[in-house]
Amino acid sequence: MNIDIPRNVCQVIKKLESQGFEAYIVGGCVRDSFLGKTPKDYDITTSASPEEVKKCFDDCAVIETGIKHGTVTVVSEGENIEVTTFRIDGEYNDGRHPETVKFSKNLLDDLSRRDLTINAMAYNPRVGLIDNFGGQSDLFSRRIVCVGDPAVRFKEDALRIMRAMRFSSELGFEIEENTAEAVHKMKELLSNVSMERVSDELSKLLMGESPRNVLTGYSDVISLIIPEIKSCIGFDQCNRYHIYDVWTHSAYAVEHSVPELEIRLALLLHDIGKPNCFKLDDEGNGHFFGHEKLGAEMSEKILKRLRFPNDVVERTAKLIKYHYVTPVNDQKVVRRLLAAVGEEDLFPLLEVMKGDNRAKHSSCLERVRVLEAMGERAREIIEQGMCIKIADLKVSGNDMIELGFSGAKIGEVLKSLLDAVLDDKTNNTYDELMEYAKKFF
Ligand code: ATP
Ligand code: MG
């Protein structure tokens, strides 16, 4: 099987070969090429030492990206290509970083240190595919398998536990039995890995095509990162709209939503407040009053702890806080919702609500159509420039001062005027608003 390699990448390989070195594309780009996906970038692995690579490309721009780890970035036709010397990782004592990095003259050494068989293939147009660990066969049988003994590999670097789960979600591949067993058994080692790296892999996992099976099948691992989900796992909602327990429902909701980080984080955590808000009524139906507010508060804490950037934390919490609005395609309702969350967050909120309803009893699918229609209506409201915020009012703070209001009262009156406009109690014209404002003396 041949792989089409971009011309500039080929040139780098040829140049290294012309100087007597071996060079291959390796890792993600080989995997993605076999899957028919366009690789994000092409990494090259070579027998040349970093100094030799630098010398080889002394006529192009070269960046010493990570010389210590063997990586030199060669700028070829304006694009950065990472060229890394064949490496053997030394002992891992902290479960994070190898103590030493040794360079090698043997490609197999370099492939053996890689995490998964599908990520441990190298390719060179002249030599063809080098696949000592059965990566191609695992790609075709859609399996995630560690290179070597999974328990040993996870002990070296526990991030690989998350990477196995992440690739399973991204590619929709099953994690092979031995690797899966080690994921469960070695999960506690994740505490050695920095929160940023764990969150980064968790984000990629959530953004994958098949996160549901990973979230439900490896909920024990997710519980270590987010202990708050423990009470959601298996929690029976006792509610006719729900066919799944809280955690399974959340996993379905993530999978059935558009792949945007805040939307998927919100769906992951949208019902996290439910177990604490659970009440059974006399007929035996479960209710969860206030779970959206509690969920928003809990999520803010969780996402901060996971070191997500502040804007992601705030937006996600906001989406959770408002996810429990009953979908009604009515002018007033949509205007109210727009006023409450703002133009920018309304559309992601509708996506959250769609994901939520797609993960319930099939009778809730009707609501997805209502939410679509609400989105259409919101677009019209915005296009027509209808009033949805204080700044849209045809009167200002100065007008209120002119009427005789002062201090905090000015803001209060403007807020009340906005409410009145949203409720169709007055038109948004200068004269009518000035008249209406007099009620608030
Ligand atoms: P992506 O498309 O998400 O970038 P990738 O496979 O290129 O996927 P990277 O994180 O860019 O993933 O890593 C490049 C390669 O380095 C991997 O394909 C794998 O061979 C190797 N690798 C990365 N992280 C590890 C790790 N923690 N342990 C062992 N090998 C790793
Ligand atoms: Mg990569």
# chains A, B, ... in the order shown; residues from 1 in each chain; ligands from 1
>>> residues_around(residues="stretch 131-143 of chain A", least_positions_apart="3", cutoff="9 Å", atoms="only C-alpha atoms", output="list in words")
Arg31, Phe34, Leu35, Leu108, Leu111, Ser112, Leu116, Thr117, Ile118, Asn119, Ala120, Met121, Ala122, Tyr123, Val147, Gly148, Ser168, Leu171, Gly172, Phe173, Glu174, Ile175 and Glu176 of chain A
>>> residues_near_ligand(ligand="ligand 1", cutoff="7 Å", atoms="only C-alpha atoms and all ligand atoms", output="PDB file with N, CA, C and O atoms, in the first residue's frame")
ATOM      1  N   GLY A  27       4.207   7.554  12.968  1.00  0.00           N
ATOM      2  CA  GLY A  27       3.183   7.907  13.953  1.00  0.00           C
ATOM      3  C   GLY A  27       1.854   8.301  13.326  1.00  0.00           C
ATOM      4  O   GLY A  27       1.386   7.667  12.377  1.00  0.00           O
ATOM      5  N   GLY A  28       1.284   9.378  13.854  1.00  0.00           N
ATOM      6  CA  GLY A  28      -0.073   9.800  13.482  1.00  0.00           C
ATOM      7  C   GLY A  28      -0.299   9.941  11.984  1.00  0.00           C
ATOM      8  O   GLY A  28      -1.379   9.592  11.487  1.00  0.00           O
ATOM      9  N   CYS A  29       0.708  10.430  11.250  1.00  0.00           N
ATOM     10  CA  CYS A  29       0.481  10.663   9.818  1.00  0.00           C
ATOM     11  C   CYS A  29       0.362   9.351   9.037  1.00  0.00           C
ATOM     12  O   CYS A  29      -0.417   9.276   8.079  1.00  0.00           O
ATOM     13  N   PRO A  39      -3.611  13.807   7.192  1.00  0.00           N
ATOM     14  CA  PRO A  39      -2.851  13.990   8.437  1.00  0.00           C
ATOM     15  C   PRO A  39      -2.738  15.475   8.817  1.00  0.00           C
ATOM     16  O   PRO A  39      -2.655  16.326   7.934  1.00  0.00           O
ATOM     17  N   LYS A  40      -2.770  15.726  10.141  1.00  0.00           N
ATOM     18  CA  LYS A  40      -2.622  17.108  10.631  1.00  0.00           C
ATOM     19  C   LYS A  40      -1.233  17.620  10.315  1.00  0.00           C
ATOM     20  O   LYS A  40      -1.033  18.789  10.011  1.00  0.00           O
ATOM     21  N   ARG A 113       9.169   2.315  21.465  1.00  0.00           N
ATOM     22  CA  ARG A 113       8.847   3.213  22.587  1.00  0.00           C
ATOM     23  C   ARG A 113       7.488   3.888  22.385  1.00  0.00           C
ATOM     24  O   ARG A 113       6.981   4.574  23.268  1.00  0.00           O
ATOM     25  N   ARG A 114       6.879   3.706  21.228  1.00  0.00           N
ATOM     26  CA  ARG A 114       5.609   4.383  20.946  1.00  0.00           C
ATOM     27  C   ARG A 114       4.445   3.705  21.647  1.00  0.00           C
ATOM     28  O   ARG A 114       4.535   2.541  22.021  1.00  0.00           O
ATOM     29  N   ASP A 115       3.350   4.434  21.841  1.00  0.00           N
ATOM     30  CA  ASP A 115       2.295   3.937  22.729  1.00  0.00           C
ATOM     31  C   ASP A 115       1.443   2.808  22.156  1.00  0.00           C
ATOM     32  O   ASP A 115       1.274   1.769  22.770  1.00  0.00           O
ATOM     33  N   LEU A 116       0.880   3.025  20.985  1.00  0.00           N
ATOM     34  CA  LEU A 116      -0.100   2.082  20.445  1.00  0.00           C
ATOM     35  C   LEU A 116       0.381   1.535  19.109  1.00  0.00           C
ATOM     36  O   LEU A 116       1.083   2.239  18.370  1.00  0.00           O
ATOM     37  N   ASN A 119      -0.001   3.615  16.175  1.00  0.00           N
ATOM     38  CA  ASN A 119       0.841   4.816  16.158  1.00  0.00           C
ATOM     39  C   ASN A 119       2.319   4.463  15.989  1.00  0.00           C
ATOM     40  O   ASN A 119       3.179   5.327  16.110  1.00  0.00           O
ATOM     41  N   ALA A 120       2.595   3.185  15.777  1.00  0.00           N
ATOM     42  CA  ALA A 120       3.994   2.740  15.770  1.00  0.00           C
ATOM     43  C   ALA A 120       4.423   2.215  14.403  1.00  0.00           C
ATOM     44  O   ALA A 120       5.221   1.302  14.287  1.00  0.00           O
ATOM     45  N   ASP A 157       4.410   5.602  31.563  1.00  0.00           N
ATOM     46  CA  ASP A 157       3.764   6.888  31.295  1.00  0.00           C
ATOM     47  C   ASP A 157       2.249   6.676  31.343  1.00  0.00           C
ATOM     48  O   ASP A 157       1.665   6.109  30.419  1.00  0.00           O
ATOM     49  N   LEU A 159      -0.137   8.674  31.075  1.00  0.00           N
ATOM     50  CA  LEU A 159      -0.952   9.403  30.108  1.00  0.00           C
ATOM     51  C   LEU A 159      -1.441   8.473  28.996  1.00  0.00           C
ATOM     52  O   LEU A 159      -2.477   8.690  28.389  1.00  0.00           O
ATOM     53  N   ARG A 160      -0.671   7.408  28.763  1.00  0.00           N
ATOM     54  CA  ARG A 160      -1.037   6.455  27.710  1.00  0.00           C
ATOM     55  C   ARG A 160      -2.399   5.814  27.980  1.00  0.00           C
ATOM     56  O   ARG A 160      -3.082   5.392  27.060  1.00  0.00           O
TER      57      ARG A 160
END
>>> residues_around(residues="stretch 350-359 of chain A", least_positions_apart="3", cutoff="7 Å", atoms="only C-alpha atoms", output="list of chain:residue names")
A:His249, A:Tyr252, A:Ala253, A:Val254, A:His256, A:Ser257, A:Ile263, A:Leu267, A:His323, A:Leu346, A:Phe347, A:Cys364, A:Leu365, A:Arg367, A:Val368, A:Leu371
>>> closest_residue(among="A:Leu215, A:Arg336, A:Glu82, A:Ser299", to="ligand 2", atoms="only C-alpha atoms and all ligand atoms")
A:Glu82
>>> select_by_dssp(residues="stretch 42-267 of chain A", states="strand (DSSP E or B)", output="ChimeraX atom specification")
/A:43-46,62-66,71-76,79-85,87-89,92,98,101-103,116,122-124,128-130,143-144,146,174-175
>>> residues_around(residues="A:Glu344", least_positions_apart="4", cutoff="12 Å", atoms="only C-alpha atoms", output="list of chain:residue names")
A:Arg315, A:Lys318, A:Leu319, A:Leu337, A:Leu338, A:Ala339, A:Ala340, A:Pro348, A:Leu349, A:Leu350, A:Ala378, A:Arg379, A:Ile382
>>> select_by_dssp(residues="stretch 286-432 of chain A", states="alpha helix (DSSP H)", output="PyMOL selection string")
chain A and resi 291-305+310-321+331-341+343-358+365-383+397-403+408-422+430-432
>>> atom_distance(atom1="atom CA of A:Gly217", atom2="atom CA of A:Lys293")
28.2 Å
>>> residues_around(residues="A:Glu283", least_positions_apart="5", cutoff="12 Å", atoms="only C-alpha atoms", output="list of chain:residue names")
A:Cys238, A:Asn239, A:Arg240
>>> write_last_selection(atoms="all heavy atoms", output="PDB file, in the first residue's frame")
ATOM      1  N   CYS A 238     -36.085   7.372  37.540  1.00  0.00           N
ATOM      2  CA  CYS A 238     -37.499   7.165  37.858  1.00  0.00           C
ATOM      3  C   CYS A 238     -38.396   8.177  37.140  1.00  0.00           C
ATOM      4  O   CYS A 238     -39.250   8.825  37.762  1.00  0.00           O
ATOM      5  CB  CYS A 238     -37.757   7.269  39.369  1.00  0.00           C
ATOM      6  SG  CYS A 238     -36.756   6.172  40.338  1.00  0.00           S
ATOM      7  N   ASN A 239     -38.165   8.335  35.863  1.00  0.00           N
ATOM      8  CA  ASN A 239     -38.868   9.382  35.137  1.00  0.00           C
ATOM      9  C   ASN A 239     -39.186   8.864  33.743  1.00  0.00           C
ATOM     10  O   ASN A 239     -38.328   8.272  33.093  1.00  0.00           O
ATOM     11  CB  ASN A 239     -37.940  10.608  35.078  1.00  0.00           C
ATOM     12  CG  ASN A 239     -38.578  11.802  34.446  1.00  0.00           C
ATOM     13  OD1 ASN A 239     -38.889  11.766  33.263  1.00  0.00           O
ATOM     14  ND2 ASN A 239     -38.779  12.835  35.233  1.00  0.00           N
ATOM     15  N   ARG A 240     -40.426   9.107  33.288  1.00  0.00           N
ATOM     16  CA  ARG A 240     -40.850   8.454  32.028  1.00  0.00           C
ATOM     17  C   ARG A 240     -40.128   9.002  30.806  1.00  0.00           C
ATOM     18  O   ARG A 240     -40.148   8.407  29.744  1.00  0.00           O
ATOM     19  CB  ARG A 240     -42.361   8.557  31.873  1.00  0.00           C
ATOM     20  CG  ARG A 240     -42.872   9.956  31.657  1.00  0.00           C
ATOM     21  CD  ARG A 240     -44.390  10.006  31.841  1.00  0.00           C
ATOM     22  NE  ARG A 240     -44.794  11.368  32.137  1.00  0.00           N
ATOM     23  CZ  ARG A 240     -45.393  12.144  31.244  1.00  0.00           C
ATOM     24  NH1 ARG A 240     -45.644  11.702  30.036  1.00  0.00           N
ATOM     25  NH2 ARG A 240     -45.731  13.384  31.578  1.00  0.00           N
TER      26      ARG A 240
END
>>> closest_residue(among="A:Lys304, A:His242, A:Arg87, A:His291", to="A:Leu107", atoms="only C-alpha atoms")
A:Arg87
